[in-house]
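Structure file data.txt (compact mmCIF, C-alpha atoms) is printed below.
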```txt
# COMPACT_ATOMS: atom_id res chain seq x y z
CA MET M 25 9.69 0.62 36.45
CA GLU M 26 11.52 0.49 39.81
CA GLY M 27 10.59 3.43 42.05
CA LYS M 28 8.19 4.89 39.52
CA VAL M 29 4.68 5.96 40.45
CA LYS M 30 2.06 6.83 37.86
CA VAL M 31 -1.22 8.36 38.91
CA TYR M 32 -4.17 9.64 36.97
CA ALA M 33 -7.12 10.65 39.11
CA LYS M 34 -10.35 12.49 38.50
CA LYS M 35 -12.75 13.32 41.29
CA VAL M 36 -15.65 15.76 41.51
CA TYR M 37 -17.11 16.60 44.90
CA ARG M 38 -19.11 19.50 46.30
CA GLY M 39 -18.57 21.59 43.17
CA PHE M 40 -14.80 21.03 43.24
CA SER M 41 -13.09 19.14 40.47
CA LEU M 42 -9.70 17.43 40.77
CA GLU M 43 -7.99 16.07 37.67
CA VAL M 44 -4.30 15.19 37.65
CA ASP M 45 -2.00 13.02 35.58
CA LEU M 46 1.41 12.69 37.21
CA VAL M 47 4.53 10.56 37.32
CA PHE M 48 6.65 10.46 40.45
CA HIS M 49 10.14 9.00 40.65
CA GLY M 50 12.28 7.71 43.53
CA GLY M 51 13.32 10.35 46.07
CA LEU M 52 11.47 13.45 47.15
CA ASN M 53 8.55 14.82 45.16
CA VAL M 54 6.68 17.88 46.41
CA ILE M 55 3.12 18.89 45.63
CA LEU M 56 2.77 22.59 46.35
CA GLY M 57 -0.58 24.31 46.36
CA PRO M 58 -2.83 26.58 48.41
CA SER M 59 -5.50 25.26 50.77
CA GLY M 60 -8.37 23.71 48.83
CA SER M 61 -6.27 22.94 45.75
CA GLY M 62 -6.95 19.22 46.11
CA LYS M 63 -3.47 18.13 47.16
CA SER M 64 -4.55 16.27 50.30
CA THR M 65 -7.39 14.60 48.38
CA LEU M 66 -4.85 13.39 45.81
CA LEU M 67 -2.67 11.99 48.60
CA ARG M 68 -5.65 10.24 50.19
CA ILE M 69 -6.56 8.72 46.83
CA MET M 70 -2.98 7.48 46.47
CA ALA M 71 -3.10 5.98 49.98
CA GLY M 72 -6.42 4.27 49.24
CA LEU M 73 -8.41 6.28 51.77
CA GLU M 74 -10.60 7.85 49.09
CA ARG M 75 -11.78 6.57 45.74
CA PRO M 76 -11.49 8.62 42.56
CA ASP M 77 -14.41 8.81 40.13
CA GLU M 78 -12.01 7.79 37.39
CA GLY M 79 -8.36 6.93 37.43
CA PHE M 80 -5.38 4.68 37.39
CA MET M 81 -2.41 4.30 39.69
CA SER M 82 0.60 2.06 39.57
CA CYS M 83 3.37 2.04 42.10
CA CYS M 84 6.68 0.27 41.45
CA GLY M 85 4.95 -2.05 38.98
CA GLU M 86 1.93 -2.79 41.22
CA ILE M 87 -1.47 -1.47 40.16
CA PHE M 88 -3.29 0.24 43.05
CA PHE M 89 -6.44 1.16 41.16
CA ASP M 90 -7.78 1.16 37.64
CA THR M 91 -11.37 2.27 37.27
CA THR M 92 -11.62 1.01 33.67
CA ARG M 93 -11.07 -2.53 34.99
CA ASN M 94 -12.93 -1.91 38.27
CA LEU M 95 -9.72 -2.66 40.14
CA TRP M 96 -9.21 -1.26 43.62
CA VAL M 97 -6.54 -2.30 46.10
CA PRO M 98 -7.57 -1.32 49.66
CA PRO M 99 -5.15 0.71 51.83
CA GLN M 100 -4.34 -2.40 53.89
CA LYS M 101 -2.82 -4.10 50.84
CA ARG M 102 -0.93 -1.16 49.30
CA LYS M 103 1.97 -1.05 51.75
CA VAL M 104 2.30 2.72 51.75
CA GLY M 105 3.82 4.84 54.50
CA LEU M 106 1.63 7.74 55.58
CA VAL M 107 2.35 10.70 57.83
CA PHE M 108 -0.18 13.41 58.62
CA GLN M 109 0.36 16.94 59.91
CA GLU M 110 -0.20 15.75 63.50
CA ASN M 111 -1.81 13.05 65.63
CA ASN M 112 0.03 10.23 63.93
CA LEU M 113 0.82 8.41 67.17
CA LEU M 114 -1.64 6.47 69.28
CA PRO M 115 -1.98 8.32 72.59
CA ASN M 116 -2.52 5.14 74.62
CA LEU M 117 0.78 3.59 73.51
CA ASN M 118 4.36 4.59 74.23
CA ILE M 119 6.78 5.37 71.39
CA LEU M 120 8.16 1.83 71.23
CA GLU M 121 4.63 0.39 71.05
CA ASN M 122 3.69 2.96 68.42
CA VAL M 123 6.56 1.85 66.18
CA ALA M 124 5.80 -1.81 66.97
CA PHE M 125 2.20 -1.10 65.88
CA ALA M 126 3.47 -0.81 62.32
CA LEU M 127 6.19 -3.45 62.49
CA ARG M 128 4.26 -6.05 64.55
CA SER M 129 7.35 -6.62 66.71
CA LYS M 130 8.71 -4.78 69.74
CA ASN M 131 12.23 -6.13 69.13
CA LYS M 132 12.27 -4.79 65.58
CA ALA M 133 10.80 -1.50 66.80
CA LEU M 134 13.51 -1.11 69.45
CA LYS M 135 16.22 -1.80 66.87
CA VAL M 136 14.73 0.82 64.54
CA LEU M 137 14.59 3.40 67.33
CA LYS M 138 18.23 2.62 68.20
CA ASP M 139 19.30 2.87 64.53
CA PHE M 140 17.79 6.34 64.30
CA GLY M 141 19.07 7.47 67.71
CA LEU M 142 15.59 7.69 69.19
CA GLU M 143 15.90 4.99 71.87
CA ASP M 144 15.65 7.58 74.65
CA LEU M 145 12.04 8.18 73.62
CA ALA M 146 11.10 4.48 73.61
CA TYR M 147 9.16 4.40 76.87
CA LYS M 148 7.67 7.88 76.70
CA ARG M 149 4.09 8.60 75.74
CA PRO M 150 3.37 10.87 72.75
CA ASN M 151 2.14 13.62 75.10
CA GLN M 152 5.55 13.61 76.85
CA ILE M 153 7.61 14.52 73.77
CA SER M 154 7.80 17.59 71.50
CA GLY M 155 5.94 18.06 68.22
CA GLY M 156 9.18 17.70 66.25
CA GLN M 157 10.07 14.45 68.04
CA LYS M 158 6.58 13.09 67.40
CA GLN M 159 6.90 13.77 63.67
CA LYS M 160 10.40 12.24 63.66
CA VAL M 161 9.00 9.06 65.21
CA ALA M 162 6.15 9.07 62.67
CA PHE M 163 8.68 9.37 59.80
CA VAL M 164 10.86 6.61 61.19
CA ARG M 165 7.87 4.34 61.70
CA ALA M 166 6.61 4.96 58.16
CA VAL M 167 10.05 4.28 56.65
CA ALA M 168 10.68 1.20 58.82
CA PHE M 169 7.38 -0.22 57.52
CA ASN M 170 9.34 -0.63 54.26
CA PRO M 171 6.68 1.03 52.12
CA ARG M 172 6.42 1.06 48.34
CA ILE M 173 5.76 4.80 48.57
CA LEU M 174 5.92 7.34 51.36
CA LEU M 175 3.08 9.88 51.49
CA LEU M 176 3.39 12.92 53.75
CA ASP M 177 0.48 15.31 54.20
CA GLU M 178 1.71 18.74 55.42
CA PRO M 179 4.11 16.99 57.81
CA PHE M 180 5.91 20.15 58.93
CA SER M 181 2.98 22.56 59.24
CA SER M 182 2.58 22.37 63.00
CA LEU M 183 6.30 22.89 63.72
CA ASP M 184 8.47 25.95 64.32
CA TYR M 185 11.21 26.72 61.75
CA ARG M 186 14.05 25.19 63.78
CA ALA M 187 12.21 21.86 64.12
CA LYS M 188 11.02 22.12 60.53
CA ILE M 189 14.52 22.42 59.05
CA ASP M 190 15.87 19.68 61.33
CA LEU M 191 13.07 17.38 60.19
CA ILE M 192 13.48 18.26 56.50
CA ASN M 193 17.15 17.26 56.69
CA PHE M 194 16.16 14.10 58.55
CA LEU M 195 13.59 13.24 55.88
CA LYS M 196 16.11 13.82 53.08
CA LYS M 197 18.41 11.31 54.76
CA ILE M 198 15.87 8.58 55.46
CA ALA M 199 13.71 8.81 52.35
CA SER M 200 16.32 8.97 49.61
CA ASN M 201 15.61 5.49 48.23
CA ILE M 202 11.81 5.42 48.37
CA PRO M 203 9.43 7.37 46.14
CA CYS M 204 8.23 10.02 48.53
CA VAL M 205 5.41 12.53 47.93
CA VAL M 206 5.18 15.50 50.28
CA VAL M 207 2.17 17.77 50.16
CA THR M 208 2.61 21.33 51.38
CA HIS M 209 1.15 24.81 51.05
CA ASP M 210 4.46 26.43 52.10
CA PRO M 211 6.79 27.44 49.22
CA VAL M 212 9.77 27.67 51.60
CA GLU M 213 9.25 24.03 52.60
CA ALA M 214 8.89 23.06 48.94
CA PHE M 215 12.11 24.88 48.08
CA LEU M 216 14.02 23.25 50.93
CA LEU M 217 12.71 19.79 50.08
CA GLY M 218 13.73 20.35 46.50
CA HIS M 219 14.08 17.73 43.78
CA ARG M 220 10.81 17.64 41.87
CA VAL M 221 8.00 20.09 42.47
CA VAL M 222 4.43 19.91 41.19
CA LEU M 223 2.26 23.01 41.42
CA LEU M 224 -1.40 22.32 42.00
CA GLU M 225 -4.15 24.90 41.89
CA LYS M 226 -7.93 24.43 41.88
CA GLY M 227 -7.50 20.73 41.23
CA LYS M 228 -5.24 21.11 38.19
CA VAL M 229 -1.48 20.82 37.72
CA THR M 230 -0.18 24.27 36.76
CA GLY M 231 3.53 23.50 36.65
CA GLN M 232 6.19 20.84 37.15
CA GLY M 233 9.93 21.21 37.55
CA GLY M 234 12.81 21.69 39.96
CA PRO M 235 12.95 23.85 43.09
CA GLU M 236 13.49 26.95 40.92
CA LEU M 237 9.77 26.69 40.13
CA VAL M 238 9.06 27.82 43.66
CA LYS M 239 11.07 31.05 43.42
CA GLU M 240 8.11 32.85 41.85
CA TYR M 241 6.32 32.43 45.15
CA PHE M 242 9.13 34.17 47.03
CA LYS M 243 8.46 37.33 45.05
CA GLU M 244 4.82 37.07 46.11
CA ILE M 245 5.86 36.62 49.77
CA GLU M 246 8.25 39.59 49.49
CA ASP M 247 5.45 41.76 48.13
CA LEU M 248 3.19 40.65 50.96
CA LEU M 249 5.88 41.45 53.54
CA HIS M 250 6.36 44.92 52.02
CA GLY M 251 2.68 45.53 52.52
CA ILE M 252 2.95 45.00 56.30
CA GLU M 253 3.22 48.13 58.36
CA VAL M 254 5.92 47.63 61.00
CA PRO M 255 5.29 49.68 64.17
CA THR M 256 8.24 51.82 65.27
CA GLY M 257 9.21 53.74 68.37
CA GLY M 258 7.64 51.40 70.91
CA GLU M 259 8.56 51.66 74.57
CA PRO M 260 10.73 48.79 75.91
CA ILE M 261 8.83 46.45 78.23
CA MET Q 21 -36.96 -4.97 100.48
CA ILE Q 22 -33.56 -6.69 100.25
CA GLU Q 23 -35.06 -9.16 97.78
CA ALA Q 24 -36.31 -6.29 95.60
CA PHE Q 25 -32.95 -4.53 95.88
CA LEU Q 26 -31.06 -7.68 94.81
CA LEU Q 27 -33.44 -8.14 91.89
CA SER Q 28 -32.84 -4.52 90.82
CA LEU Q 29 -29.08 -5.11 91.02
CA LYS Q 30 -29.36 -8.30 88.97
CA VAL Q 31 -31.53 -6.69 86.27
CA SER Q 32 -29.29 -3.61 86.14
CA PHE Q 33 -26.08 -5.61 85.91
CA LEU Q 34 -27.41 -7.81 83.12
CA THR Q 35 -28.88 -4.84 81.25
CA ALA Q 36 -25.59 -2.93 81.39
CA LEU Q 37 -23.69 -6.02 80.25
CA ILE Q 38 -26.06 -6.72 77.32
CA LEU Q 39 -26.03 -3.05 76.37
CA THR Q 40 -22.23 -3.02 76.20
CA VAL Q 41 -22.33 -5.97 73.79
CA VAL Q 42 -25.31 -4.79 71.73
CA GLY Q 43 -24.52 -1.08 72.02
CA THR Q 44 -20.95 -1.30 70.72
CA PRO Q 45 -21.78 -2.20 67.08
CA LEU Q 46 -24.74 0.22 67.18
CA ALA Q 47 -22.51 3.03 68.43
CA TYR Q 48 -19.92 2.15 65.77
CA LEU Q 49 -22.55 2.47 63.04
CA LEU Q 50 -23.75 5.79 64.44
CA ALA Q 51 -20.22 7.17 64.74
CA PHE Q 52 -18.80 6.08 61.39
CA ARG Q 53 -21.68 5.72 58.95
CA ARG Q 54 -23.45 8.52 57.11
CA GLY Q 55 -26.79 8.64 55.36
CA LEU Q 56 -30.39 7.70 55.97
CA LEU Q 57 -29.60 4.49 57.89
CA LYS Q 58 -27.68 6.48 60.50
CA VAL Q 59 -30.49 9.06 60.86
CA VAL Q 60 -33.17 6.40 61.31
CA LEU Q 61 -31.01 4.30 63.65
CA GLU Q 62 -30.16 7.34 65.77
CA ALA Q 63 -33.82 8.29 66.10
CA PHE Q 64 -34.62 4.71 67.16
CA VAL Q 65 -31.80 4.62 69.72
CA ILE Q 66 -32.64 8.01 71.27
CA SER Q 67 -36.43 7.53 71.23
CA PRO Q 68 -36.70 5.94 74.74
CA ILE Q 69 -35.62 9.33 76.18
CA VAL Q 70 -38.69 11.08 74.71
CA VAL Q 71 -41.22 8.26 74.40
CA PRO Q 72 -43.11 7.67 77.69
CA PRO Q 73 -42.34 4.29 79.31
CA THR Q 74 -46.06 3.48 79.17
CA VAL Q 75 -45.97 3.66 75.38
CA LEU Q 76 -43.00 1.29 75.16
CA GLY Q 77 -44.57 -0.94 77.84
CA PHE Q 78 -47.82 -1.08 75.91
CA TYR Q 79 -46.06 -2.14 72.72
CA PHE Q 80 -44.09 -4.81 74.60
CA ILE Q 81 -47.30 -6.24 75.98
CA TYR Q 82 -48.92 -6.02 72.56
CA LEU Q 83 -45.96 -7.71 70.86
CA PHE Q 84 -45.42 -10.46 73.42
CA ARG Q 85 -49.04 -11.20 74.42
CA PRO Q 86 -49.67 -14.98 74.44
CA ASP Q 87 -51.97 -14.89 71.36
CA SER Q 88 -49.55 -12.89 69.20
CA PRO Q 89 -47.20 -14.67 66.73
CA VAL Q 90 -44.12 -13.33 68.56
CA GLY Q 91 -45.50 -14.13 72.01
CA SER Q 92 -46.49 -17.69 71.10
CA PHE Q 93 -43.14 -18.24 69.32
CA VAL Q 94 -41.15 -17.10 72.36
CA GLU Q 95 -43.37 -19.21 74.63
CA LYS Q 96 -42.73 -22.31 72.50
CA LEU Q 97 -39.01 -21.55 72.40
CA PHE Q 98 -38.50 -21.09 76.15
CA GLY Q 99 -41.43 -23.08 77.49
CA LYS Q 100 -42.97 -20.17 79.41
CA PRO Q 101 -44.85 -16.98 78.56
CA PRO Q 102 -42.49 -14.05 77.95
CA LEU Q 103 -44.47 -11.40 79.84
CA PHE Q 104 -44.35 -10.87 83.62
CA SER Q 105 -41.03 -12.65 83.95
CA PHE Q 106 -37.44 -11.77 84.87
CA GLU Q 107 -36.44 -12.08 81.20
CA ALA Q 108 -39.15 -9.59 80.21
CA LEU Q 109 -37.74 -7.13 82.76
CA VAL Q 110 -34.24 -7.44 81.30
CA PHE Q 111 -35.43 -7.19 77.70
CA ALA Q 112 -37.55 -4.11 78.39
CA SER Q 113 -34.72 -2.53 80.39
CA VAL Q 114 -32.27 -3.06 77.52
CA ILE Q 115 -34.58 -1.24 75.11
CA TYR Q 116 -35.46 1.50 77.59
CA SER Q 117 -31.80 2.15 78.54
CA LEU Q 118 -30.55 1.94 74.95
CA PRO Q 119 -29.71 5.67 74.64
CA PHE Q 120 -27.80 5.63 77.93
CA GLY Q 121 -25.72 2.69 76.73
CA VAL Q 122 -25.17 3.75 73.14
CA ILE Q 123 -24.78 7.55 73.16
CA PRO Q 124 -21.68 7.71 75.43
CA LEU Q 125 -20.06 5.04 73.25
CA ARG Q 126 -20.97 6.88 70.04
CA ASP Q 127 -19.50 10.10 71.45
CA ALA Q 128 -16.30 8.31 72.53
CA PHE Q 129 -15.88 6.74 69.07
CA GLU Q 130 -16.54 10.07 67.35
CA LYS Q 131 -13.86 11.78 69.45
CA ILE Q 132 -11.13 9.50 68.12
CA ASP Q 133 -9.05 11.27 65.50
CA ARG Q 134 -9.92 9.77 62.09
CA ARG Q 135 -6.25 10.01 61.13
CA LEU Q 136 -5.35 7.37 63.75
CA ILE Q 137 -7.87 5.01 62.20
CA GLU Q 138 -6.62 5.71 58.69
CA ILE Q 139 -3.02 5.13 59.73
CA ALA Q 140 -4.02 1.74 61.11
CA TYR Q 141 -5.61 0.86 57.74
CA VAL Q 142 -2.47 1.94 55.92
CA PHE Q 143 -0.37 -0.25 58.23
CA GLY Q 144 -2.47 -3.21 57.14
CA TYR Q 145 -5.02 -3.48 59.95
CA SER Q 146 -8.54 -4.57 58.98
CA ARG Q 147 -11.61 -2.71 60.25
CA LEU Q 148 -12.05 -5.22 63.08
CA GLN Q 149 -8.37 -5.13 64.05
CA THR Q 150 -8.46 -1.31 63.95
CA PHE Q 151 -11.49 -1.35 66.19
CA LEU Q 152 -9.77 -3.65 68.69
CA LYS Q 153 -6.37 -1.97 68.63
CA VAL Q 154 -7.19 1.71 68.07
CA ILE Q 155 -10.82 2.51 68.83
CA LEU Q 156 -11.44 0.25 71.82
CA PRO Q 157 -8.38 1.17 73.93
CA ASN Q 158 -8.98 4.86 73.28
CA SER Q 159 -12.65 4.68 74.29
CA VAL Q 160 -12.31 3.32 77.83
CA GLY Q 161 -13.98 6.41 79.30
CA GLY Q 162 -16.93 6.00 76.95
CA PHE Q 163 -17.37 2.35 77.95
CA LEU Q 164 -17.31 3.26 81.63
CA SER Q 165 -19.89 6.02 81.12
CA SER Q 166 -22.05 3.71 79.04
CA TRP Q 167 -21.91 0.96 81.64
CA SER Q 168 -22.55 3.16 84.66
CA LEU Q 169 -25.36 5.17 83.06
CA SER Q 170 -27.11 2.02 81.84
CA PHE Q 171 -26.73 0.45 85.27
CA ALA Q 172 -27.88 3.50 87.23
CA HIS Q 173 -30.75 4.21 84.85
CA THR Q 174 -32.01 0.62 85.07
CA MET Q 175 -31.80 0.73 88.87
CA GLY Q 176 -34.27 3.61 88.83
CA GLU Q 177 -36.69 2.31 86.16
CA PHE Q 178 -40.32 2.18 87.15
CA GLY Q 179 -43.01 2.53 84.47
CA ILE Q 180 -41.81 0.02 81.93
CA VAL Q 181 -40.79 -2.65 84.46
CA LEU Q 182 -44.18 -2.36 86.14
CA MET Q 183 -45.97 -2.81 82.82
CA VAL Q 184 -44.03 -5.75 81.38
CA GLY Q 185 -42.95 -7.39 84.62
CA GLY Q 186 -45.99 -6.85 86.76
CA ASN Q 187 -45.39 -6.63 90.46
CA ILE Q 188 -44.61 -10.16 91.61
CA PRO Q 189 -42.58 -10.09 94.85
CA GLY Q 190 -39.39 -12.13 94.50
CA GLN Q 191 -39.75 -12.41 90.73
CA THR Q 192 -40.41 -9.06 89.09
CA GLN Q 193 -40.79 -6.60 91.95
CA THR Q 194 -37.81 -4.25 91.67
CA LEU Q 195 -36.86 -1.73 94.34
CA SER Q 196 -38.60 1.18 92.58
CA ILE Q 197 -41.87 -0.82 92.45
CA PHE Q 198 -41.39 -1.80 96.09
CA ILE Q 199 -41.21 1.92 96.97
CA TYR Q 200 -44.41 2.60 95.02
CA ASP Q 201 -46.15 -0.28 96.84
CA ALA Q 202 -44.91 0.92 100.22
CA VAL Q 203 -46.18 4.46 99.60
CA GLN Q 204 -49.55 3.12 98.41
CA GLY Q 205 -49.76 1.04 101.62
CA LEU Q 206 -48.79 4.09 103.76
CA GLU Q 207 -45.64 2.27 104.92
CA TYR Q 208 -43.50 5.38 104.86
CA ARG Q 209 -40.63 3.93 106.91
CA GLN Q 210 -40.16 1.12 104.38
CA ALA Q 211 -40.50 3.59 101.48
CA HIS Q 212 -37.98 5.91 103.10
CA LEU Q 213 -35.39 3.15 103.64
CA ALA Q 214 -35.83 1.74 100.13
CA SER Q 215 -35.57 5.21 98.58
CA LEU Q 216 -32.41 5.91 100.52
CA LEU Q 217 -30.96 2.59 99.37
CA LEU Q 218 -31.78 3.33 95.72
CA LEU Q 219 -30.45 6.87 95.92
CA THR Q 220 -27.22 5.80 97.62
CA SER Q 221 -26.52 2.92 95.27
CA SER Q 222 -27.10 5.11 92.19
CA ILE Q 223 -24.84 7.91 93.41
CA LEU Q 224 -22.23 5.36 94.52
CA THR Q 225 -22.21 3.71 91.07
CA LEU Q 226 -21.80 7.02 89.26
CA SER Q 227 -19.12 8.28 91.67
CA LEU Q 228 -17.17 5.04 91.42
CA THR Q 229 -17.25 5.20 87.62
CA GLY Q 230 -16.15 8.84 87.71
CA LEU Q 231 -13.25 7.84 89.97
CA ILE Q 232 -12.16 5.01 87.65
CA ARG Q 233 -12.44 7.32 84.62
CA TRP Q 234 -10.26 9.84 86.39
CA ARG Q 235 -7.68 7.13 87.25
CA VAL Q 236 -7.48 5.69 83.74
CA ARG Q 237 -7.19 9.12 82.06
```
Structure re-expressed in structure tokens:
Amino acid sequence: MEGKVKVYAKKVYRGFSLEVDLVFHGGLNVILGPSGSGKSTLLRIMAGLERPDEGFMSCCGEIFFDTTRNLWVPPQKRKVGLVFQENNLLPNLNILENVAFALRSKNKALKVLKDFGLEDLAYKRPNQISGGQKQKVAFVRAVAFNPRILLLDEPFSSLDYRAKIDLINFLKKIASNIPCVVVTHDPVEAFLLGHRVVLLEKGKVTGQGGPELVKEYFKEIEDLLHGIEVPTGGEPI
Amino acid sequence: MIEAFLLSLKVSFLTALILTVVGTPLAYLLAFRRGLLKVVLEAFVISPIVVPPTVLGFYFIYLFRPDSPVGSFVEKLFGKPPLFSFEALVFASVIYSLPFGVIPLRDAFEKIDRRLIEIAYVFGYSRLQTFLKVILPNSVGGFLSSWSLSFAHTMGEFGIVLMVGGNIPGQTQTLSIFIYDAVQGLEYRQAHLASLLLLTSSILTLSLTGLIRWRVR
């Protein structure tokens, strides 16, 4: 049971229907799907921020919700780590205080920042550091919270490729022992994150497997790139 | 005139203070709740902007008249009739300045990224703790606007304070009523000085708040 997450969720809203039945294991799990496929909704249900119409979820032996028994554990009691695409850090607090916000201790927060080589950022405000650094701090804070599961909602979307790859490697290092679910619309990210990939489309699971599952998408991207007309013969500036 | 000015200051200060306390949960409901309750509550909060002060004043008098159940209850409770008193001035001012106290707070709460609130929940913070640790410190500007607008608006109130407070010098005669009296009595020098005092204090309050907002940003 250790490190195993089972989730069955059904939710209908505004004409959209989400129905998934999934099992996640320890390490990285990726949910890949286009915008509006229901992947963020699924993540929010898993975090306890939204309720499903029907469903069941257990995480490392703990039941988070079971609609047949009218059981619902609020987000405060689930002990999950959550990272959004951006705006994860409180703008009125410095980095040390932001980490301490999760850990309830500045001493522990400083130790964590030192352990991850981020102590130079400790007394800076979120608006004084780069997007990549902000996400790194958000990852570290979520992991240091010692969560049962780590949920990441498009965590690399607002970053350039250099920062993205740096952060993907960082995540692989820090999240190897925790069940971790990353939601993304980017097949390249899904391929790089690897391990287990779930394809989600229009609220339904359309495939599950290893990173090779993503390769189909590369063909699609290649075709799209071929369709772009590249201007030639421009004057140098 | 000084007596009327001090009374205006006292009423305005108390009104702004009460509105911060009462307006915060109201603004929270307006910012974070959806549905019919929010729509009705919002209409109630904003109504003093569009409803003439005479209408509100009339209903206050009607509600708190000595022979009404509410009026006689309040009289028994405090040992004096509620109308034409300092307390009536403050109560009427709180209702009349409600939109100026609540709307800036609602806007400030709405501006806070929902993701910050949700992250606090996930880290184990209750709704109240999230309010105190996330919403409150990131809404300082909204609180300052709420306080200064309530204060400045109450300083300039006329119609409603005249109706529910009467015009008793030293007790319920605010500076705006003093100006009205002075004009009626053709005492233009007094009216001019009092108007200048009211204008200056209002602009000073708003400028000072703007300065603090700029400093805390």
Contacts of M:His49 at 9 Å (only C-alpha atoms; same-chain gap of 3+ positions) as JSON, numbers by chain = {"M": [26, 27, 28, 29, 30, 52, 53, 202, 203, 204, 220]}
Practice task
Specify as number ranges by chain all residues of chain Q found within 6 Å of chain M, counting all atoms listed in the file.
Solution key: Q: 141-144
Discussion item. Please determine, counting all atoms listed in the file, which residue among M:Gln159, M:Lys196, M:Glu259, M:Arg172 has the shortest atom-to-atom distance to M:Ile87.
Written reply: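 Once distances to M:Ile87 are computed over all atoms listed in the file, the minimum belongs to M:Arg172.
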Using only C-alpha atoms, can you tell me which of M:Leu223, M:Leu174, M:Phe80, M:Pro211 comes closest to M:Glu244?
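Among the listed residues, M:Pro211 lies closest to M:Glu244.
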Report task. Find the residues around stretch 101-114 of chain Q up to 6 Å (all atoms listed in the file counted), leave out those fewer than 3 positions away in its own chain, and share them as a VMD selection string. Result -> chain Q and resid 31 35 95 117 to 118 181 184 to 186 192
Please produce a file of the residues just selected, as a CSV table (one decimal), in the frame of the given file, where the atoms kept are C-alpha atoms.
```
chain,number,residue,atom,x,y,z
Q,31,VAL,CA,-31.5,-6.7,86.3
Q,35,THR,CA,-28.9,-4.8,81.2
Q,95,GLU,CA,-43.4,-19.2,74.6
Q,117,SER,CA,-31.8,2.2,78.5
Q,118,LEU,CA,-30.6,1.9,75.0
Q,181,VAL,CA,-40.8,-2.6,84.5
Q,184,VAL,CA,-44.0,-5.8,81.4
Q,185,GLY,CA,-43.0,-7.4,84.6
Q,186,GLY,CA,-46.0,-6.8,86.8
Q,192,THR,CA,-40.4,-9.1,89.1
```
- What lies within 9 Å of stretch 158-175 of chain Q using all atoms listed in the file, ignoring chain neighbours under 5 positions off, as a PyMOL selection string? (chain M and resi 114-116) or (chain Q and resi 25+28-29+31-37+39-40+43-44+113-114+116-129+131-132+153+194-196+218+221-223+225-226+228-230+232-234+236-237)
Q) What lies within 10 Å of Q:Leu76 using all atoms listed in the file, ignoring chain neighbours under 6 positions off, as a ChimeraX atom specification? A) /Q:67-68,82,112,115-116,179-180,183-184
Do you know which residues are at most 12 Å from Q:Met21 counting only C-alpha atoms, after dropping those on the same chain fewer than 4 positions away, and could you put them as a PyMOL selection string? chain Q and resi 25-28+189-190+193-202+209-218
Computed gap from atom CA of M:Phe215 to atom CA of M:Cys83 is 25.2 Å
Take the point (-12.6, -0.5, 35.1) as written in the file and pick out every residue within 12 Å of it, counting only C-alpha atoms; give the list as a ChimeraX atom specification.
/M:76-80,89-96
Pick from M:Ile69, M:Ala168, M:Val161, M:Leu175 nearest to M:Val207, counting only C-alpha atoms: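 Of M:Ile69, M:Ala168, M:Val161, M:Leu175, the one nearest M:Val207, counting only C-alpha atoms, is M:Leu175.
Between atom CA of M:Leu216 and atom CA of M:Val238 the interatomic distance comes to 9.9 Å.
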